[in-house]
Structure formats: structure tokens, C-alpha cells
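One structure is given here, and the rest of the page talks about it.
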Amino acid sequence: MTDQEFRADILPLQDAMYRVAFILLRNEEDAADIVQDTILKLWQKHKELSRSQNHKAYCLTAARNNALSLLRSRDICEEIPESLMAPDNLHKNMESKESLEIAQRALESLPDNQREVIRLSSYMGCSNEDIAIMTGLTSVNVRALLSRGRRKIREIMIDSYNF
């Protein structure tokens, strides 16, 4: 791939790479760093990239893998949003905090592949086809993982509230 082809085919995908990284990391600065690192790595081997390959899938997968590597190298903890800790309506905030913690635990209890597709679908608003491209799964697998993951979260939430 030439320098011009790289600029025309790869650089426009930065926003999509950022969205993938942000969904996984939930941190703007880390997501931006992942995009920069991914672009740099792609640039360093741009001569080896084929003009005919699916650049979007390749770039999104590279960004995803870099974000997952960062997650594995750190112990990232979820923080409770400050709005939940506001002094007004403390009882409501405590219930919201508890619900958020239960939902987060439920999500974290899912297998990695279910958790990832739920984050991409629910947080990023990605279509099943886009998720399939990013993860390398088929659309049928994505639908199945979403269904099973949502069912499991629902079960955990119901059990937690003893309904």
C-alpha cells in the first residue's frame, strides 16, 4: 500500500477505531492513545498491507486487540458517576448506585465474548453486522451472544431484587 492509499483508506477509519476502543476502555484519553498506537503500528507496516483486503475490519480488529491488551495489562476499576453521589434525593441515589453496581457485576460476570458484543451493541449502538466485522464472528453468532448475554443479565438482576 502506498502512502497516499494509506491516507485515503486507513486514516478515515480513526473515528471508528476510537469508538471501538472507547467502548472497551470507557476512557477518552486511553481510547485516543489506542487509536494513535494502532495508526502508528499500521503505518509502520503499511507497505505490507494489501490494497484488496478489508481495511475497516483489519483496523477495527487491530484497535480492539490493542484495547484488550491495555485492559489486560491494567486493573481497571469502574467508578461510580459523581451524579449518583449528589446530596439531593440520597435514597434515590443509593438505589441507583445499587442498581448500577448490580448491572455492572452482571455484565462483568458474562464470558468475554458476550460482554464485548453487549458493550458494542448497547453502548456503541453498533449493528450486528458491524459487530461481526469487528469481532470476526458471524452475524448469527453475534445475535446468539447478545440474546444469551441479555438473558443472563436479566436473570441476575431479577435474582438480585428477589422478584
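As shown in the C-alpha cells, the chain order sets the letters A, B, ...; within each chain, residues go from 1, and ligands are also counted from 1 in the order they appear.
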Legend entry - Selection: 10 Å around Arg150 in chain A, only C-alpha atoms, excl. self and same-chain fewer than 3 positions, as an MDAnalysis selection string: chainID A and resid 106:107 110 114:115 118 144:147 153:156
Inset, instruction - Just give me the gap between CA of Asp130 in chain A and CA of Ala57 in chain A in Å, one decimal is fine. - result: 8.8 Å
Legend entry - Polymer residues at most 12 Å from Ser50 in chain A, only C-alpha atoms, same-chain spacing of 2 or more positions, as JSON, numbers by chain: {"A": [1, 2, 5, 6, 9, 10, 42, 45, 46, 47, 48, 52, 53, 54, 55, 58]}
Next, the residues of the selection above should be written as a PDB file, in the first residue's frame with N, CA, C and O atoms.
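After the write, part_36.pdb holds the following:
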ATOM      1  N   MET A   1       0.847  -1.167   0.000  1.00  0.00           N
ATOM      2  CA  MET A   1       0.000   0.000   0.000  1.00  0.00           C
ATOM      3  C   MET A   1       0.901   1.241   0.000  1.00  0.00           C
ATOM      4  O   MET A   1       1.841   1.313   0.768  1.00  0.00           O
ATOM      5  N   THR A   2       0.569   2.193  -0.831  1.00  0.00           N
ATOM      6  CA  THR A   2       1.357   3.422  -0.910  1.00  0.00           C
ATOM      7  C   THR A   2       0.957   4.376   0.209  1.00  0.00           C
ATOM      8  O   THR A   2      -0.060   4.182   0.889  1.00  0.00           O
ATOM      9  N   GLU A   5      -2.474   5.815  -0.516  1.00  0.00           N
ATOM     10  CA  GLU A   5      -3.534   4.839  -0.261  1.00  0.00           C
ATOM     11  C   GLU A   5      -3.779   4.703   1.248  1.00  0.00           C
ATOM     12  O   GLU A   5      -4.925   4.575   1.687  1.00  0.00           O
ATOM     13  N   PHE A   6      -2.703   4.749   2.009  1.00  0.00           N
ATOM     14  CA  PHE A   6      -2.842   4.684   3.470  1.00  0.00           C
ATOM     15  C   PHE A   6      -3.667   5.865   3.968  1.00  0.00           C
ATOM     16  O   PHE A   6      -4.596   5.695   4.758  1.00  0.00           O
ATOM     17  N   ASP A   9      -7.335   5.315   2.720  1.00  0.00           N
ATOM     18  CA  ASP A   9      -8.082   4.144   3.187  1.00  0.00           C
ATOM     19  C   ASP A   9      -8.060   3.954   4.697  1.00  0.00           C
ATOM     20  O   ASP A   9      -9.048   3.493   5.281  1.00  0.00           O
ATOM     21  N   ILE A  10      -6.967   4.273   5.343  1.00  0.00           N
ATOM     22  CA  ILE A  10      -6.806   3.970   6.771  1.00  0.00           C
ATOM     23  C   ILE A  10      -7.153   5.154   7.662  1.00  0.00           C
ATOM     24  O   ILE A  10      -7.896   5.014   8.638  1.00  0.00           O
ATOM     25  N   LEU A  42       0.059   0.446  12.182  1.00  0.00           N
ATOM     26  CA  LEU A  42      -0.378   0.231  10.806  1.00  0.00           C
ATOM     27  C   LEU A  42       0.532   0.974   9.825  1.00  0.00           C
ATOM     28  O   LEU A  42       0.860   0.465   8.751  1.00  0.00           O
ATOM     29  N   LYS A  45       3.810  -0.756   9.065  1.00  0.00           N
ATOM     30  CA  LYS A  45       3.771  -1.893   8.141  1.00  0.00           C
ATOM     31  C   LYS A  45       2.815  -1.649   6.966  1.00  0.00           C
ATOM     32  O   LYS A  45       2.311  -2.590   6.374  1.00  0.00           O
ATOM     33  N   HIS A  46       2.621  -0.380   6.622  1.00  0.00           N
ATOM     34  CA  HIS A  46       1.683  -0.071   5.544  1.00  0.00           C
ATOM     35  C   HIS A  46       2.138  -0.601   4.184  1.00  0.00           C
ATOM     36  O   HIS A  46       1.325  -0.875   3.318  1.00  0.00           O
ATOM     37  N   LYS A  47       3.426  -0.757   4.003  1.00  0.00           N
ATOM     38  CA  LYS A  47       3.921  -1.292   2.733  1.00  0.00           C
ATOM     39  C   LYS A  47       3.497  -2.749   2.543  1.00  0.00           C
ATOM     40  O   LYS A  47       3.360  -3.220   1.423  1.00  0.00           O
ATOM     41  N   GLU A  48       3.271  -3.444   3.670  1.00  0.00           N
ATOM     42  CA  GLU A  48       2.868  -4.848   3.610  1.00  0.00           C
ATOM     43  C   GLU A  48       1.366  -5.033   3.433  1.00  0.00           C
ATOM     44  O   GLU A  48       0.918  -6.116   3.068  1.00  0.00           O
ATOM     45  N   SER A  52      -6.329  -4.837  -1.533  1.00  0.00           N
ATOM     46  CA  SER A  52      -7.590  -5.538  -1.725  1.00  0.00           C
ATOM     47  C   SER A  52      -8.226  -6.035  -0.423  1.00  0.00           C
ATOM     48  O   SER A  52      -9.375  -6.412  -0.418  1.00  0.00           O
ATOM     49  N   GLN A  53      -7.479  -6.034   0.680  1.00  0.00           N
ATOM     50  CA  GLN A  53      -8.054  -6.568   1.917  1.00  0.00           C
ATOM     51  C   GLN A  53      -9.065  -5.609   2.519  1.00  0.00           C
ATOM     52  O   GLN A  53      -9.111  -4.437   2.169  1.00  0.00           O
ATOM     53  N   ASN A  54      -9.890  -6.106   3.436  1.00  0.00           N
ATOM     54  CA  ASN A  54     -10.915  -5.306   4.094  1.00  0.00           C
ATOM     55  C   ASN A  54     -10.246  -4.462   5.175  1.00  0.00           C
ATOM     56  O   ASN A  54     -10.027  -4.918   6.291  1.00  0.00           O
ATOM     57  N   HIS A  55      -9.922  -3.230   4.839  1.00  0.00           N
ATOM     58  CA  HIS A  55      -9.184  -2.357   5.745  1.00  0.00           C
ATOM     59  C   HIS A  55      -9.980  -2.003   6.992  1.00  0.00           C
ATOM     60  O   HIS A  55      -9.414  -1.896   8.082  1.00  0.00           O
ATOM     61  N   TYR A  58      -9.858  -4.905   9.389  1.00  0.00           N
ATOM     62  CA  TYR A  58      -8.483  -5.060   9.879  1.00  0.00           C
ATOM     63  C   TYR A  58      -8.146  -3.987  10.918  1.00  0.00           C
ATOM     64  O   TYR A  58      -7.606  -4.283  11.982  1.00  0.00           O
TER      65      TYR A  58
END
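Straight-line separation from CA of Arg148 in chain A to CA of Val20 in chain A: 21.7 Å.
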Inset, instruction - Identify which of the residues A:Ala21, A:Leu11, A:Ala16, A:Met157 lies closest to Glu101 in chain A, counting only C-alpha atoms when measuring atom-to-atom distances. - result: A:Met157
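Closest approach to Leu25 in chain A among A:Pro12, A:Trp43, A:Leu49, A:Asn65: A:Asn65, based on only C-alpha atoms.
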Inset, instruction - Choose the residue, out of A:Thr38, A:Ser121, A:Gln104, A:Thr138, that has the smallest atom-to-atom separation from Arg64 in chain A; count only C-alpha atoms. - result: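 Of A:Thr38, A:Ser121, A:Gln104, A:Thr138, the one nearest Arg64 in chain A, counting only C-alpha atoms, is A:Thr38.
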Inset, instruction - Write out as number ranges by chain all residues of chain A that DSSP puts in alpha helix (DSSP H) for this structure's backbone. - result: A: 3-9, 14-25, 28-44, 55-73, 90-109, 112-118, 128-135, 139-161
Legend entry - Two-atom distance - CA of Leu120 in chain A, CA of Met17 in chain A (Å):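 One can read the CA of Leu120 in chain A to CA of Met17 in chain A distance as 12.2 Å.
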